[in-house]
Amino acid sequence: MALQPDMDQLYDQLVEEEDTRVCKDIPESACSNVPANFFRQVAAIVLTGLGDTLTNPKTTLAWLVGIVGAPAAIIAWLVPIRESGSMLPQMFIAAFIRRQALRKPLWVAGSLVQALALLAMGAAAWLTEGLLAGLLILGCLALFSLARSVCSVAIKDVMGKTIPKTRRGRMHGMATTISGVLALAFGIYMMLMPPADDDVLFYALLLVGAAMLWVGAAILYQRVEETPGATEGGANAISEAVSRISLLRDDAPFRRFVITRALLLCSALSAPYYVVLGQEVESSLGMLGAFLVANGLANSLSAMFWGRMADLSSKQVLTRAGLLASLIAVPVVGLHWWGNLPAALHAWLFPVAFFVLGIAHAGVRVGRKTYVLDMAGGNKRTDYVALSNSLIGLLLLSTGFLGLLTALIGPGGMLLLLSGLGLCGALMSLKLDEVQS
C-alpha cells in the first residue's frame, strides 16, 4: 500500500498531462486502479517480450534445431508454427473468452502453459537428438503458440477495460522500449561471450530461463485489478467464428484495417532477408550479435516515440512506419548489388538497415495494436482482435510459398518485392479513419 502514492506520482510524470486521471473508454470503477494496472501490465509485457527474444525462432530456436542434429526441413516450420499457431485459433478462442466475465485468469493460465512448453522444449533438446528432437521441439512450439493465442486475445481485452484510451499506446511503447534494452544487453552478451557451436546445454538452460520469465509475468499479471465485463455472445465457438467473418463484408473500416495490416507484414517478413544478405558478406557470430544489438537499439529508441504518436494518431504511425519499412530496402539492395563498397562498410550495411527496419517494425506493431484497440469497444474489440489475428495468421502460413521465389530472384529481389507490398500498405493506411478522438 505504501508504494501506491509513488506509483501514482510516477504515472502522472509519465503521462505529463493535466488530465492524468482521464477514464475514457473504461469502467468508472477502474479509474482509481489505472496507475497500478498500468505498471503491472508493463512489467508483465516486458518479461514476456524478453522471453520472446530468448526464444526467437529466427535465431535461437533455428540454431538449437541445428545443433541437436534435426533435419533442415524442421527449421522451415519454426516461424510459421510460432506466428500462425498463435494467430489462427484466435477466431475460435474468442467465443470462449467472451463467456468469461474476467479475462485476466486466462492470460495467467496461458502464460503458465507457455512456461511449461518451454521447459519441455529444453528437456527435449538436452535428452534427445536428431529427428526426434526436432519433432519434439516443434510439438512444444505448437503448444506454446496455442497458449500464446489465448493470451493475445485476453490481454487486449483486459487492457481495454483497465487502461484508458490515449494511454494504451504509451503503455505499449514503454514496455517495448524496456524489453528492447534488455534484448540489446543479450545481443551484446552474445557478441562478447558467444557459446560453443555445439553447446546444447547453453540453449536448453536458455529455454529454462525464458520459461521463468513467463512464470514471473503470470505472477505480476495476477495482481491486475480487472472489473467483470460483458459476457453476451458466448455461443458455439465455430458458429460464432464463422459469423464474425461477415465483419469483412459489412464493416468497411475494419476491412481496410485488415488489408493495411496484411500489406504491412513486409516489416516482419523482410527481416530474414537482411540477415541472409549480411551472411553473404560476413557470417561470423559477431554479425549475429550485431543484428541482435541493432534490433534491441531500434526497439529501445523508437517505441516510446511511436507510442506517444499512436495516442495522437495511430493511423499516421502506420503510414510513416510503413513507408520507412518499405523504402529502406531500395538503397540497401542497390548498394549491395553495386558491390564497390569498402569491405568494412559493406559488412555494416545490413545491421544498420536492420536497425532502421526495427524502428519501422516497432512503429507498425505499436500502431496497429493501438488502432485496433481504439477503433472498437466491449466485445466488438474482442471480435476485431480475434478475426484480424486469425486472418493474418492464415496469411503468414501461406507466405512460406513466397520463399520459393528466392531461388529465382534472390534475397535482394525478395526485399524489393516485399518493399512494393509494404508501400501499398502505407498508401492503404491513408484511407483509414482516425480513431483517437
# chains A, B, ... in the order shown; residues from 1 in each chain; ligands from 1
$ residues_around --residues "Leu417 (chain A)" --least-positions-apart "2" --cutoff "12 Å" --atoms "only C-alpha atoms" --output "VMD selection string"
chain A and resid 263 266 269 to 270 273 326 to 327 329 to 330 333 402 to 403 405 to 406 409 to 415 419 to 424
$ write_last_selection --atoms "C-alpha atoms" --output "compact mmCIF listing (two decimals), in the first residue's frame"
# COMPACT_ATOMS: atom_id res chain seq x y z
CA LEU A 263 0.33 -5.44 -46.58
CA CYS A 266 6.60 -6.58 -45.00
CA LEU A 269 8.86 -10.70 -43.44
CA SER A 270 11.78 -8.58 -44.69
CA TYR A 273 16.48 -11.41 -45.98
CA SER A 326 9.38 -0.16 -47.48
CA LEU A 327 11.79 2.49 -48.70
CA ALA A 329 15.18 -1.74 -48.96
CA VAL A 330 15.80 0.15 -52.19
CA VAL A 333 19.79 -3.64 -52.18
CA LEU A 402 6.72 -16.79 -51.40
CA GLY A 403 10.07 -18.18 -50.33
CA LEU A 405 10.71 -17.14 -55.42
CA THR A 406 14.03 -16.69 -53.66
CA ILE A 409 15.12 -13.52 -57.77
CA GLY A 410 17.42 -13.96 -54.77
CA PRO A 411 17.11 -12.36 -51.33
CA GLY A 412 17.66 -8.88 -52.78
CA GLY A 413 14.79 -9.35 -55.20
CA MET A 414 12.59 -10.62 -52.36
CA LEU A 415 13.36 -7.49 -50.38
CA SER A 419 9.08 -3.36 -50.27
CA GLY A 420 6.49 -2.89 -53.00
CA LEU A 421 3.82 -4.64 -50.93
CA GLY A 422 4.70 -2.51 -47.90
CA LEU A 423 4.44 0.66 -49.97
CA CYS A 424 0.93 -0.39 -50.98
$ closest_residue --among "A:Gly216, A:Gly134, A:Gly209, A:Pro228" --to "Arg103 (chain A)" --atoms "only C-alpha atoms"
A:Pro228
$ residues_around --residues "region 257-260 of chain A" --least-positions-apart "3" --cutoff "6 Å" --atoms "only C-alpha atoms" --output "NGL selection string"
:A and (254 or 263 or 425 or 428-429)
$ write_last_selection --atoms "C-alpha atoms" --output "mmCIF file, in the first residue's frame"
data_model
loop_
_atom_site.group_PDB
_atom_site.id
_atom_site.type_symbol
_atom_site.label_atom_id
_atom_site.label_comp_id
_atom_site.auth_asym_id
_atom_site.auth_seq_id
_atom_site.Cartn_x
_atom_site.Cartn_y
_atom_site.Cartn_z
ATOM 1 C CA PHE A 254 -12.341 -2.917 -40.218
ATOM 2 C CA LEU A 263 0.334 -5.440 -46.584
ATOM 3 C CA GLY A 425 0.141 -0.901 -47.285
ATOM 4 C CA MET A 428 -3.726 1.994 -47.996
ATOM 5 C CA SER A 429 -3.346 3.309 -44.449
#
$ residues_around --residues "Val281 (chain A)" --least-positions-apart "6" --cutoff "9 Å" --atoms "only C-alpha atoms" --output "VMD selection string"
chain A and resid 343 346 to 347
$ write_last_selection --atoms "N, CA and C atoms" --output "mmCIF file, in the first residue's frame"
data_model
loop_
_atom_site.group_PDB
_atom_site.id
_atom_site.type_symbol
_atom_site.label_atom_id
_atom_site.label_comp_id
_atom_site.auth_asym_id
_atom_site.auth_seq_id
_atom_site.Cartn_x
_atom_site.Cartn_y
_atom_site.Cartn_z
ATOM 1 N N ALA A 343 34.990 -3.145 -47.780
ATOM 2 C CA ALA A 343 34.534 -4.369 -47.113
ATOM 3 C C ALA A 343 33.902 -4.091 -45.752
ATOM 4 N N HIS A 346 30.587 -2.395 -46.175
ATOM 5 C CA HIS A 346 29.622 -3.340 -46.735
ATOM 6 C C HIS A 346 29.088 -4.263 -45.643
ATOM 7 N N ALA A 347 29.970 -4.706 -44.746
ATOM 8 C CA ALA A 347 29.554 -5.618 -43.685
ATOM 9 C C ALA A 347 28.551 -4.966 -42.742
#
$ closest_residue --among "A:Lys369, A:Arg261, A:His336, A:Lys380" --to "Ile392 (chain A)" --atoms "only C-alpha atoms"
A:Arg261
